[in-house]
$ cat protein-v8.tsv   # TSV, C-alpha atoms and all ligand atoms
chain	number	residue	atom	x	y	z
A	1	MET	CA	-72.61	32.93	17.08
A	2	ALA	CA	-72.16	31.40	13.62
A	3	GLU	CA	-68.51	32.38	13.37
A	4	ALA	CA	-67.88	31.09	16.90
A	5	HIS	CA	-66.92	27.68	15.57
A	6	SER	CA	-66.03	28.52	12.02
A	7	PRO	CA	-63.40	26.08	10.74
A	8	LEU	CA	-61.74	29.12	9.17
A	9	ASN	CA	-61.21	30.79	12.48
A	10	PRO	CA	-60.21	28.20	15.05
A	11	VAL	CA	-58.57	30.67	17.44
A	12	VAL	CA	-61.40	33.16	17.72
A	13	GLY	CA	-64.07	30.51	18.11
A	14	ALA	CA	-62.15	28.28	20.49
A	15	TYR	CA	-63.81	29.77	23.56
A	16	ARG	CA	-66.97	27.82	22.70
A	17	PHE	CA	-65.39	25.18	24.95
A	18	SER	CA	-62.41	25.87	27.15
A	19	VAL	CA	-60.47	24.13	29.88
A	20	ALA	CA	-60.29	26.41	32.93
A	21	PRO	CA	-57.06	27.72	34.43
A	22	MET	CA	-56.15	25.66	37.50
A	23	MET	CA	-53.03	26.22	39.56
A	24	ASP	CA	-50.88	23.08	39.86
A	25	TYR	CA	-53.11	21.24	37.38
A	26	THR	CA	-53.26	22.96	33.99
A	27	ASP	CA	-49.52	23.02	33.47
A	28	ARG	CA	-48.08	22.51	30.01
A	29	HIS	CA	-48.15	18.73	30.36
A	30	PHE	CA	-51.82	18.54	31.21
A	31	ARG	CA	-52.58	20.95	28.40
A	32	VAL	CA	-50.75	18.76	25.91
A	33	LEU	CA	-52.73	15.82	27.28
A	34	MET	CA	-55.98	17.70	26.71
A	35	ARG	CA	-54.84	18.46	23.17
A	36	GLN	CA	-54.86	14.74	22.46
A	37	ILE	CA	-58.56	14.85	23.36
A	38	THR	CA	-59.71	18.13	21.83
A	39	ARG	CA	-57.88	20.07	19.15
A	40	ARG	CA	-60.43	22.86	18.91
A	41	SER	CA	-60.94	24.09	22.47
A	42	LEU	CA	-59.22	26.97	24.16
A	43	LEU	CA	-56.70	26.03	26.84
A	44	TYR	CA	-55.67	28.31	29.68
A	45	THR	CA	-52.42	28.33	31.60
A	46	GLU	CA	-52.26	28.38	35.37
A	47	MET	CA	-52.28	31.92	36.72
A	48	VAL	CA	-48.91	33.66	36.40
A	49	VAL	CA	-48.34	36.68	38.66
A	50	ALA	CA	-47.43	39.74	36.56
A	51	GLN	CA	-44.94	40.96	39.15
A	52	ALA	CA	-43.11	37.61	39.12
A	53	LEU	CA	-43.04	37.65	35.35
A	54	HIS	CA	-41.52	41.12	35.44
A	55	HIS	CA	-38.69	40.03	37.77
A	56	VAL	CA	-37.94	36.80	35.99
A	57	GLN	CA	-38.03	38.39	32.55
A	58	GLY	CA	-35.68	41.17	33.74
A	59	ALA	CA	-33.16	38.67	35.11
A	60	ALA	CA	-33.46	36.45	32.03
A	61	ARG	CA	-32.76	39.42	29.76
A	62	GLY	CA	-29.65	40.13	31.82
A	63	GLY	CA	-28.37	36.68	30.80
A	64	ASP	CA	-29.08	34.79	34.06
A	65	ALA	CA	-29.42	31.17	32.89
A	66	ARG	CA	-31.48	30.14	35.92
A	67	ALA	CA	-33.88	33.00	35.27
A	68	GLN	CA	-34.16	31.91	31.64
A	69	ALA	CA	-35.07	28.41	32.77
A	70	ARG	CA	-37.58	29.84	35.27
A	71	LEU	CA	-39.13	32.00	32.55
A	72	GLU	CA	-39.52	28.94	30.37
A	73	ARG	CA	-41.19	27.12	33.29
A	74	LEU	CA	-43.55	30.06	33.87
A	75	ILE	CA	-44.70	30.71	30.34
A	76	GLY	CA	-43.19	28.09	28.02
A	77	PHE	CA	-45.60	25.97	26.01
A	78	ASP	CA	-45.56	23.47	23.19
A	79	ALA	CA	-46.71	24.48	19.72
A	80	CYS	CA	-49.47	21.86	19.82
A	81	GLU	CA	-51.17	23.76	22.65
A	82	HIS	CA	-52.62	26.48	20.42
A	83	PRO	CA	-55.09	28.07	20.84
A	84	ILE	CA	-53.84	29.01	24.28
A	85	ALA	CA	-54.51	31.88	26.68
A	86	LEU	CA	-52.03	33.09	29.27
A	87	GLN	CA	-53.78	33.92	32.52
A	88	VAL	CA	-52.16	36.61	34.62
A	89	GLY	CA	-52.79	38.06	38.06
A	90	GLY	CA	-52.04	41.62	39.09
A	91	ASP	CA	-53.46	45.08	39.68
A	92	ASP	CA	-50.73	47.27	38.22
A	93	PRO	CA	-51.48	48.52	34.70
A	94	ALA	CA	-47.80	48.89	33.77
A	95	LEU	CA	-46.89	45.37	34.93
A	96	LEU	CA	-49.93	43.90	33.22
A	97	ALA	CA	-49.10	45.75	30.00
A	98	GLU	CA	-45.61	44.28	30.18
A	99	ALA	CA	-47.06	40.80	30.79
A	100	THR	CA	-49.26	41.29	27.73
A	101	ARG	CA	-46.26	42.16	25.56
A	102	ILE	CA	-44.42	39.11	26.89
A	103	ALA	CA	-47.44	36.95	26.06
A	104	ALA	CA	-47.66	38.39	22.55
A	105	ASP	CA	-43.94	37.95	21.93
A	106	GLY	CA	-44.14	34.41	23.31
A	107	GLY	CA	-46.84	33.47	20.78
A	108	TYR	CA	-49.89	33.25	23.04
A	109	ASP	CA	-53.28	33.70	21.40
A	110	GLU	CA	-54.92	35.64	24.21
A	111	ILE	CA	-54.23	37.21	27.60
A	112	ASN	CA	-56.68	36.74	30.45
A	113	LEU	CA	-56.83	38.66	33.72
A	114	ASN	CA	-57.74	36.72	36.86
A	115	LEU	CA	-60.45	38.53	38.83
A	116	GLY	CA	-61.92	35.47	40.47
A	117	CYS	CA	-59.37	33.90	42.78
A	118	PRO	CA	-60.24	34.47	46.45
A	119	SER	CA	-57.12	33.06	48.15
A	120	GLU	CA	-55.66	35.03	51.03
A	121	LYS	CA	-52.27	35.19	49.35
A	122	VAL	CA	-53.80	36.64	46.23
A	123	GLN	CA	-55.80	39.17	48.27
A	124	LYS	CA	-52.62	40.31	50.03
A	125	GLY	CA	-51.13	40.96	46.60
A	126	ARG	CA	-54.39	42.86	45.90
A	127	PHE	CA	-55.41	40.93	42.86
A	128	GLY	CA	-57.86	38.17	41.95
A	129	ALA	CA	-61.46	38.37	43.17
A	130	CYS	CA	-60.90	41.32	45.53
A	131	LEU	CA	-60.45	43.51	42.45
A	132	MET	CA	-64.16	43.11	41.75
A	133	ALA	CA	-64.54	45.84	44.40
A	134	GLU	CA	-62.42	48.18	42.27
A	135	PRO	CA	-63.86	48.27	38.76
A	136	GLU	CA	-62.12	51.54	37.87
A	137	GLN	CA	-58.71	50.13	38.74
A	138	VAL	CA	-59.48	46.99	36.74
A	139	ALA	CA	-60.55	49.18	33.82
A	140	ARG	CA	-57.17	50.94	33.92
A	141	CYS	CA	-55.47	47.54	33.85
A	142	ILE	CA	-57.57	46.34	30.90
A	143	ALA	CA	-56.97	49.54	28.95
A	144	ALA	CA	-53.20	49.25	29.49
A	145	MET	CA	-53.24	45.60	28.43
A	146	ALA	CA	-55.34	46.33	25.34
A	147	ALA	CA	-52.94	49.09	24.28
A	148	ALA	CA	-49.87	46.91	24.80
A	149	SER	CA	-50.39	44.45	21.93
A	150	SER	CA	-52.95	43.17	19.46
A	151	LEU	CA	-53.81	40.15	21.64
A	152	PRO	CA	-57.42	39.85	22.77
A	153	VAL	CA	-57.68	40.84	26.45
A	154	THR	CA	-60.22	38.79	28.38
A	155	VAL	CA	-61.23	38.50	32.03
A	156	LYS	CA	-62.29	35.74	34.38
A	157	HIS	CA	-64.35	36.71	37.37
A	158	ARG	CA	-67.11	35.75	39.79
A	159	ILE	CA	-70.73	36.95	39.87
A	160	GLY	CA	-69.89	38.98	42.97
A	161	ILE	CA	-67.92	39.15	46.19
A	162	ASP	CA	-69.06	39.45	49.81
A	163	ALA	CA	-71.99	41.88	50.04
A	164	ARG	CA	-71.36	43.20	46.52
A	165	ASP	CA	-73.37	40.45	44.95
A	166	SER	CA	-76.37	42.08	43.30
A	167	TYR	CA	-77.06	41.56	39.61
A	168	ALA	CA	-76.89	45.35	39.13
A	169	GLU	CA	-73.33	45.40	40.48
A	170	LEU	CA	-72.34	42.53	38.20
A	171	LEU	CA	-73.79	44.38	35.22
A	172	ALA	CA	-72.02	47.61	36.12
A	173	PHE	CA	-68.72	45.74	36.57
A	174	VAL	CA	-69.00	44.06	33.19
A	175	ASP	CA	-70.02	47.31	31.46
A	176	THR	CA	-67.02	49.14	32.92
A	177	LEU	CA	-64.60	46.44	31.78
A	178	ALA	CA	-66.19	46.19	28.33
A	179	GLY	CA	-65.77	49.95	27.97
A	180	ALA	CA	-62.08	49.58	28.79
A	181	GLY	CA	-61.57	46.92	26.10
A	182	ALA	CA	-62.27	43.52	27.69
A	183	GLN	CA	-63.21	41.23	24.82
A	184	ARG	CA	-64.65	38.24	26.66
A	185	PHE	CA	-66.05	37.54	30.10
A	186	SER	CA	-65.48	34.10	31.59
A	187	ILE	CA	-67.74	34.03	34.59
A	188	HIS	CA	-67.53	31.53	37.42
A	189	ALA	CA	-71.20	31.63	38.35
A	190	ARG	CA	-70.67	31.76	42.12
A	191	LYS	CA	-69.95	34.66	44.37
A	192	ALA	CA	-66.81	34.48	46.50
A	193	TRP	CA	-66.60	35.18	50.21
A	194	LEU	CA	-63.24	36.83	50.72
A	195	GLU	CA	-63.29	36.22	54.45
A	196	GLY	CA	-64.51	33.08	56.09
A	197	LEU	CA	-64.17	30.65	53.20
A	198	ASP	CA	-60.97	29.22	51.78
A	199	PRO	CA	-60.50	28.89	48.01
A	200	LYS	CA	-61.70	25.29	47.98
A	201	GLN	CA	-64.84	26.15	49.94
A	202	ASN	CA	-65.35	29.12	47.63
A	203	ARG	CA	-65.58	26.65	44.76
A	204	THR	CA	-68.33	24.60	46.38
A	205	ILE	CA	-70.27	26.47	49.09
A	206	PRO	CA	-71.62	29.63	47.39
A	207	PRO	CA	-74.52	28.43	45.24
A	208	LEU	CA	-74.18	28.29	41.47
A	209	ARG	CA	-76.22	30.95	39.68
A	210	HIS	CA	-76.04	30.08	36.00
A	211	ASP	CA	-79.28	32.02	35.58
A	212	LEU	CA	-77.49	35.32	36.33
A	213	VAL	CA	-74.91	34.65	33.61
A	214	HIS	CA	-77.67	33.73	31.14
A	215	ARG	CA	-79.45	36.96	32.02
A	216	LEU	CA	-76.26	38.94	31.50
A	217	LYS	CA	-75.91	37.53	27.99
A	218	GLN	CA	-79.56	38.31	27.31
A	219	GLU	CA	-79.19	41.91	28.41
A	220	ARG	CA	-75.77	42.43	26.80
A	221	PRO	CA	-76.04	40.37	23.61
A	222	GLN	CA	-73.14	42.25	22.03
A	223	LEU	CA	-70.71	40.95	24.70
A	224	THR	CA	-69.01	37.56	24.50
A	225	ILE	CA	-69.93	35.63	27.63
A	226	GLU	CA	-68.48	32.32	28.76
A	227	LEU	CA	-70.12	30.34	31.56
A	228	ASN	CA	-68.03	28.48	34.15
A	229	GLY	CA	-68.81	26.51	37.28
A	230	GLY	CA	-70.29	23.07	37.88
A	231	LEU	CA	-70.51	22.00	34.23
A	232	LEU	CA	-69.98	18.28	34.57
A	233	GLU	CA	-71.20	16.71	31.34
A	234	LEU	CA	-71.24	17.46	27.64
A	235	GLU	CA	-75.03	17.68	27.71
A	236	ALA	CA	-74.93	20.41	30.34
A	237	CYS	CA	-72.47	22.32	28.15
A	238	ARG	CA	-74.67	21.93	25.12
A	239	ALA	CA	-77.66	23.21	27.08
A	240	ALA	CA	-75.67	26.18	28.41
A	241	LEU	CA	-74.58	27.09	24.88
A	242	GLU	CA	-78.21	27.85	24.14
A	243	HIS	CA	-77.75	30.84	26.44
A	244	VAL	CA	-74.08	31.88	26.27
A	245	ASP	CA	-71.23	32.02	23.76
A	246	GLY	CA	-68.88	29.63	25.49
A	247	VAL	CA	-68.52	27.14	28.31
A	248	MET	CA	-65.49	26.60	30.52
A	249	VAL	CA	-64.87	23.37	32.40
A	250	GLY	CA	-62.37	23.00	35.23
A	251	ARG	CA	-62.44	20.12	37.69
A	252	ALA	CA	-64.50	17.80	35.50
A	253	ALA	CA	-61.88	18.16	32.75
A	254	TYR	CA	-59.05	17.24	35.09
A	255	ASP	CA	-60.89	14.45	36.88
A	256	HIS	CA	-62.45	12.92	33.75
A	257	PRO	CA	-60.47	14.03	30.69
A	258	LEU	CA	-61.87	11.40	28.32
A	259	ARG	CA	-65.41	12.46	29.13
A	260	TRP	CA	-64.68	15.35	26.76
A	261	ALA	CA	-63.59	13.23	23.79
A	262	PRO	CA	-66.74	14.13	21.81
A	263	VAL	CA	-66.24	17.91	22.23
A	264	ASP	CA	-64.71	18.64	18.82
A	265	ARG	CA	-67.40	16.72	17.01
A	266	GLU	CA	-70.36	17.72	19.15
A	267	LEU	CA	-69.60	21.34	20.04
A	268	PHE	CA	-67.37	22.46	17.16
A	269	GLY	CA	-68.88	20.37	14.37
A	270	ASP	CA	-65.42	18.99	13.58
A	271	ALA	CA	-65.44	15.25	12.93
A	272	SER	CA	-62.07	15.19	11.16
A	273	GLN	CA	-60.44	13.15	13.94
A	274	PRO	CA	-61.77	10.00	15.59
A	275	PRO	CA	-62.70	10.51	19.26
A	276	ALA	CA	-59.73	9.95	21.56
A	277	SER	CA	-59.32	6.76	23.57
A	278	ALA	CA	-57.12	6.16	26.63
A	279	SER	CA	-54.46	4.50	24.47
A	280	SER	CA	-54.53	7.21	21.79
A	281	VAL	CA	-54.00	9.85	24.48
A	282	VAL	CA	-51.01	8.04	25.97
A	283	ARG	CA	-49.53	7.26	22.55
A	284	GLY	CA	-50.12	10.81	21.35
A	285	LEU	CA	-48.03	12.11	24.24
A	286	ILE	CA	-44.93	10.17	23.22
A	287	PRO	CA	-43.43	12.69	20.73
A	288	TYR	CA	-43.95	15.45	23.29
A	289	ALA	CA	-42.40	13.30	26.03
A	290	GLU	CA	-39.40	12.67	23.75
A	291	ARG	CA	-38.88	16.42	23.38
A	292	TRP	CA	-39.40	17.05	27.08
A	293	CYS	CA	-37.11	14.29	28.33
A	294	SER	CA	-34.40	15.11	25.78
A	295	GLN	CA	-34.26	18.60	27.31
A	296	GLY	CA	-33.70	17.10	30.76
A	297	GLY	CA	-37.35	17.09	31.89
A	298	ARG	CA	-38.65	14.23	34.03
A	299	LEU	CA	-41.26	11.88	32.65
A	300	TRP	CA	-43.13	11.98	35.94
A	301	ALA	CA	-44.14	15.60	35.29
A	302	ILE	CA	-46.19	14.29	32.34
A	303	ALA	CA	-47.22	10.90	33.68
A	304	ARG	CA	-48.69	12.27	36.92
A	305	HIS	CA	-51.60	13.68	34.91
A	306	LEU	CA	-52.39	10.35	33.31
A	307	VAL	CA	-53.91	8.66	36.33
A	308	GLN	CA	-57.37	9.97	35.45
A	309	VAL	CA	-57.24	8.85	31.84
A	310	VAL	CA	-58.20	5.30	32.70
A	311	GLU	CA	-61.21	5.08	34.97
A	312	GLY	CA	-64.21	2.93	35.51
A	313	VAL	CA	-62.73	-0.27	34.05
A	314	SER	CA	-61.34	-3.30	35.81
A	315	GLY	CA	-57.58	-3.27	36.02
A	316	ALA	CA	-57.42	0.56	36.06
A	317	ARG	CA	-55.75	0.54	39.48
A	318	HIS	CA	-53.07	-1.89	38.32
A	319	TRP	CA	-52.38	0.14	35.19
A	320	ARG	CA	-51.99	3.31	37.25
A	321	ARG	CA	-49.75	1.58	39.77
A	322	ASP	CA	-47.49	0.15	37.05
A	323	LEU	CA	-47.30	3.51	35.29
A	324	GLY	CA	-46.62	5.32	38.56
A	325	GLN	CA	-43.80	2.96	39.47
A	326	ALA	CA	-42.15	3.05	36.06
A	327	ALA	CA	-42.57	6.81	35.52
A	328	GLY	CA	-41.36	7.59	39.05
A	329	ASP	CA	-37.85	6.41	38.17
A	330	ARG	CA	-35.60	9.42	37.55
A	331	ARG	CA	-34.25	7.81	34.37
A	332	ALA	CA	-37.68	6.98	32.95
A	333	GLY	CA	-38.27	8.11	29.40
A	334	PRO	CA	-40.95	7.96	26.71
A	335	GLU	CA	-40.59	4.16	26.44
A	336	VAL	CA	-42.64	3.99	29.66
A	337	LEU	CA	-45.52	5.68	27.86
A	338	ALA	CA	-45.12	3.35	24.88
A	339	ALA	CA	-45.44	0.32	27.21
A	340	ALA	CA	-48.44	1.88	29.00
A	341	ALA	CA	-50.14	2.59	25.64
A	342	ARG	CA	-49.52	-1.00	24.50
A	343	GLN	CA	-51.17	-2.36	27.64
A	344	LEU	CA	-54.24	-0.25	26.94
A	345	GLU	CA	-54.32	-1.19	23.26
A	346	GLN	CA	-54.22	-4.87	24.16
A	347	ARG	CA	-57.38	-4.31	26.17
A	348	GLY	CA	-59.05	-2.26	23.44
A	349	LEU	CA	-59.07	0.87	25.61
U	401	LIG	C1	-57.09	23.31	41.89
U	401	LIG	C2	-57.72	24.53	41.27
U	401	LIG	C3	-56.92	25.59	40.90
U	401	LIG	C4	-57.48	26.74	40.32
U	401	LIG	N1	-56.67	27.76	39.90
U	401	LIG	C5	-57.22	28.81	39.23
U	401	LIG	C6	-56.40	29.81	38.62
U	401	LIG	O1	-55.17	29.75	38.63
U	401	LIG	N2	-57.03	30.85	38.00
U	401	LIG	C7	-58.39	30.95	37.93
U	401	LIG	O2	-58.92	31.90	37.35
U	401	LIG	N3	-59.19	30.00	38.47
U	401	LIG	C8	-58.63	28.94	39.09
U	401	LIG	N4	-59.44	27.95	39.56
U	401	LIG	C9	-60.90	28.04	39.37
U	401	LIG	C10	-61.31	27.32	38.07
U	401	LIG	O3	-60.73	27.96	36.95
U	401	LIG	C11	-62.84	27.33	37.91
U	401	LIG	O4	-63.28	28.65	37.86
U	401	LIG	C12	-63.54	26.61	39.06
U	401	LIG	O5	-62.92	25.37	39.37
U	401	LIG	C13	-65.02	26.37	38.72
U	401	LIG	O6	-65.14	25.57	37.55
U	401	LIG	P1	-65.47	23.99	37.65
U	401	LIG	O7	-66.71	23.84	38.50
U	401	LIG	O8	-65.70	23.57	36.23
U	401	LIG	O9	-64.29	23.33	38.28
U	401	LIG	C14	-58.89	26.81	40.14
U	401	LIG	C15	-59.69	25.71	40.50
U	401	LIG	C16	-59.10	24.57	41.04
U	401	LIG	C17	-60.00	23.40	41.39

$ encode --input "protein-v8.tsv" --output "structure tokens" --more "lines below"
Ligand SMILES: Cc1cc2nc3c(=O)[nH]c(=O)nc-3n(C[C@H](O)[C@H](O)[C@H](O)COP(=O)(O)O)c2cc1C
Amino acid sequence: MAEAHSPLNPVVGAYRFSVAPMMDYTDRHFRVLMRQITRRSLLYTEMVVAQALHHVQGAARGGDARAQARLERLIGFDACEHPIALQVGGDDPALLAEATRIAADGGYDEINLNLGCPSEKVQKGRFGACLMAEPEQVARCIAAMAAASSLPVTVKHRIGIDARDSYAELLAFVDTLAGAGAQRFSIHARKAWLEGLDPKQNRTIPPLRHDLVHRLKQERPQLTIELNGGLLELEACRAALEHVDGVMVGRAAYDHPLRWAPVDRELFGDASQPPASASSVVRGLIPYAERWCSQGGRLWAIARHLVQVVEGVSGARHWRRDLGQAAGDRRAGPEVLAAAARQLEQRGL
């Protein structure tokens, strides 16, 4: 694991701590926000459906300006977001290979296949967690993705689905995918019930089994294993890293972004930047907001993610309310962030 956080290889080692893909949350704006807090971690996009990417890319190539804008919305990112993984959903090797080429051409550092989402919509499209029942099909997808570019192909999955939840089945699944070329396994340490529980319940009701992921790493030391699910504090991450190669944090990163300010120093051994504060995060977003707003983007798209940056101090509600009101104006620009940062600086936050 020594090279996992080598300063010479920030991309490869970035999975030591990553921010999980979350639909409607980990958009480019939230990712840029997280970059003000940790420069070393791996960031994931929201899941992009390979089939949708295929259609939009086709139309954009044909010169359709709306499709070009849609493509930018789907996969565009800011240079500061590196290292960044594009997460895709699908079960068709050809479409996933195409998505991989698009990711490589677009400058992504990694492509990740979603095998953990249990939503009904995703099941109808026959991708996400239901693919855990079809390891051979997933292997074909991985092989096609690995052959399509030089990007690392990684997977994110559960420890099992429905009645297929034995450790032996998990091991066989992982072995099959490793044989096909999967380079890292990000494992949400809960099974998913495909019928009976909705996605939200599937993130809370099935019990967490970190022990199974630890065991997997023990029995397959040559594989790169990342643990996800219920990691709420830095200390829990540090403890998990005694057993696995990487940790992935989802809801606790969105709900408490500044909780992770010590990550670069504590988990990557990089003390080159002072730990972020609420004001440094807001101020750091200004150059990005200038670029975004000058291209016609609305400030609100960025500011909506900032509500969680100030928490647990008196006056937080007022600050959020003022920011919400000012940023909600259609004409609002980066000056709103400058004013919000000043308010925080005056209070030493
Ligand atoms: C709102 C929301 C959206 C999510 N969207 C995705 C997604 O697009 N792709 C994916 O693989 N997992 C998705 N997840 C699951 C998370 O990546 C993660 O596996 C899960 O939240 C458990 O980690 P946590 O306990 O640290 O939050 C989502 C989770 C949430 C809360």

$ residues_near_ligand --input "protein-v8.tsv" --ligand "ligand LIG 401 (chain U)" --cutoff "6 Å" --atoms "all atoms listed in the file" --output "PyMOL selection string"
chain A and resi 20-23+46-47+114+116-117+156+188+228-231+249-252

$ write_last_selection --input "protein-v8.tsv" --atoms "C-alpha atoms" --output "compact mmCIF listing (two decimals), in the coordinates of the input"
# COMPACT_ATOMS: atom_id res chain seq x y z
CA ALA A 20 -60.29 26.41 32.93
CA PRO A 21 -57.06 27.72 34.43
CA MET A 22 -56.15 25.66 37.50
CA MET A 23 -53.03 26.22 39.56
CA GLU A 46 -52.26 28.38 35.37
CA MET A 47 -52.28 31.92 36.72
CA ASN A 114 -57.74 36.72 36.86
CA GLY A 116 -61.92 35.47 40.47
CA CYS A 117 -59.37 33.90 42.78
CA LYS A 156 -62.29 35.74 34.38
CA HIS A 188 -67.53 31.53 37.42
CA ASN A 228 -68.03 28.48 34.15
CA GLY A 229 -68.81 26.51 37.28
CA GLY A 230 -70.29 23.07 37.88
CA LEU A 231 -70.51 22.00 34.23
CA VAL A 249 -64.87 23.37 32.40
CA GLY A 250 -62.37 23.00 35.23
CA ARG A 251 -62.44 20.12 37.69
CA ALA A 252 -64.50 17.80 35.50

$ closest_residue --input "protein-v8.tsv" --among "A:Leu267, A:Trp300, A:Tyr254, A:Gln218" --to "A:Leu241" --atoms "all atoms listed in the file"
A:Leu267

$ residues_around --input "protein-v8.tsv" --residues "A:Pro135" --least-positions-apart "4" --cutoff "8 Å" --atoms "all atoms listed in the file" --output "PyMOL selection string"
chain A and resi 131+139+173+176-177

$ atom_distance --input "protein-v8.tsv" --atom1 "atom CA of A:Leu216" --atom2 "atom CA of A:Gln183"
14.8 Å

$ atom_distance --input "protein-v8.tsv" --atom1 "atom CA of A:Lys121" --atom2 "atom CA of A:Leu197"
13.3 Å

$ residues_around --input "protein-v8.tsv" --residues "A:Val138" --least-positions-apart "2" --cutoff "10 Å" --atoms "all atoms listed in the file" --output "number ranges by chain"
A: 90-93, 113, 115, 127, 131-136, 140-144, 155, 173, 176-177, 180

$ residues_around --input "protein-v8.tsv" --residues "stretch 303-316 of chain A" --least-positions-apart "2" --cutoff "7 Å" --atoms "all atoms listed in the file" --output "compact mmCIF listing (two decimals) with C-alpha atoms, in the coordinates of the input"
# COMPACT_ATOMS: atom_id res chain seq x y z
CA PHE A 30 -51.82 18.54 31.21
CA ASP A 255 -60.89 14.45 36.88
CA HIS A 256 -62.45 12.92 33.75
CA PRO A 257 -60.47 14.03 30.69
CA LEU A 258 -61.87 11.40 28.32
CA ALA A 278 -57.12 6.16 26.63
CA LEU A 299 -41.26 11.88 32.65
CA TRP A 300 -43.13 11.98 35.94
CA ALA A 301 -44.14 15.60 35.29
CA HIS A 318 -53.07 -1.89 38.32
CA TRP A 319 -52.38 0.14 35.19
CA ARG A 320 -51.99 3.31 37.25
CA ALA A 327 -42.57 6.81 35.52

$ closest_residue --input "protein-v8.tsv" --among "A:Arg220, A:Arg265, A:Arg317, A:Arg259" --to "A:Leu171" --atoms "all atoms listed in the file"
A:Arg220

$ closest_residue --input "protein-v8.tsv" --among "A:Ala172, A:Ala129, A:Ala85, A:Met248" --to "A:Thr154" --atoms "all atoms listed in the file"
A:Ala85

$ residues_near_point --input "protein-v8.tsv" --point "(-50.6, 20.0, 30.0)" --cutoff "10 Å" --atoms "all atoms listed in the file" --output "list in words"
Tyr25, Thr26, Asp27, Arg28, His29, Phe30, Arg31, Val32, Leu33, Met34, Arg35, Leu43, Tyr44, Thr45, Phe77, Asp78, Glu81, Ala301, Ile302 and His305 of chain A

$ atom_distance --input "protein-v8.tsv" --atom1 "atom CA of A:Ser272" --atom2 "atom CA of A:Gly106"
29.0 Å

$ closest_residue --input "protein-v8.tsv" --among "A:Gly246, A:Gly269, A:Gly181, A:Pro287" --to "A:Leu42" --atoms "only C-alpha atoms"
A:Gly246

$ residues_near_point --input "protein-v8.tsv" --point "(-50.6, 1.4, 28.4)" --cutoff "10 Å" --atoms "only C-alpha atoms" --output "CSV table (one decimal) with C-alpha atoms, keeping the file's coordinate frame"
chain,number,residue,atom,x,y,z
A,278,ALA,CA,-57.1,6.2,26.6
A,279,SER,CA,-54.5,4.5,24.5
A,280,SER,CA,-54.5,7.2,21.8
A,281,VAL,CA,-54.0,9.8,24.5
A,282,VAL,CA,-51.0,8.0,26.0
A,283,ARG,CA,-49.5,7.3,22.6
A,310,VAL,CA,-58.2,5.3,32.7
A,319,TRP,CA,-52.4,0.1,35.2
A,320,ARG,CA,-52.0,3.3,37.2
A,322,ASP,CA,-47.5,0.2,37.0
A,323,LEU,CA,-47.3,3.5,35.3
A,336,VAL,CA,-42.6,4.0,29.7
A,337,LEU,CA,-45.5,5.7,27.9
A,338,ALA,CA,-45.1,3.4,24.9
A,339,ALA,CA,-45.4,0.3,27.2
A,340,ALA,CA,-48.4,1.9,29.0
A,341,ALA,CA,-50.1,2.6,25.6
A,342,ARG,CA,-49.5,-1.0,24.5
A,343,GLN,CA,-51.2,-2.4,27.6
A,344,LEU,CA,-54.2,-0.2,26.9
A,345,GLU,CA,-54.3,-1.2,23.3
A,346,GLN,CA,-54.2,-4.9,24.2
A,347,ARG,CA,-57.4,-4.3,26.2
A,349,LEU,CA,-59.1,0.9,25.6

$ closest_residue --input "protein-v8.tsv" --among "A:Cys130, A:Ala178, A:Ile225, A:Ala103" --to "A:Ser150" --atoms "only C-alpha atoms"
A:Ala103

$ closest_residue --input "protein-v8.tsv" --among "A:Arg101, A:His82, A:Arg16, A:His55" --to "A:Val244" --atoms "all atoms listed in the file"
A:Arg16

$ decode --input "protein-v8.tsv" --residues "stretch 111-134 of chain A" --atoms "C-alpha atoms" --output "CSV table (one decimal), in the first residue's frame"
chain,number,residue,atom,x,y,z
A,111,ILE,CA,-14.2,4.8,-15.5
A,112,ASN,CA,-16.4,3.1,-12.9
A,113,LEU,CA,-19.3,0.7,-13.6
A,114,ASN,CA,-22.3,1.0,-11.3
A,115,LEU,CA,-23.4,-2.5,-10.0
A,116,GLY,CA,-24.9,-1.3,-6.8
A,117,CYS,CA,-27.9,0.9,-7.5
A,118,PRO,CA,-31.2,-1.0,-6.7
A,119,SER,CA,-33.7,1.5,-8.0
A,120,GLU,CA,-36.7,0.2,-10.0
A,121,LYS,CA,-35.9,2.4,-12.9
A,122,VAL,CA,-32.3,1.1,-13.0
A,123,GLN,CA,-33.6,-2.5,-12.8
A,124,LYS,CA,-35.9,-2.0,-15.7
A,125,GLY,CA,-32.9,-0.8,-17.7
A,126,ARG,CA,-31.2,-4.0,-16.4
A,127,PHE,CA,-28.2,-2.4,-14.9
A,128,GLY,CA,-27.1,-1.4,-11.4
A,129,ALA,CA,-27.3,-3.9,-8.5
A,130,CYS,CA,-29.4,-6.5,-10.5
A,131,LEU,CA,-26.3,-7.2,-12.6
A,132,MET,CA,-24.8,-8.9,-9.6
A,133,ALA,CA,-26.9,-11.8,-10.6
A,134,GLU,CA,-25.2,-11.9,-13.9
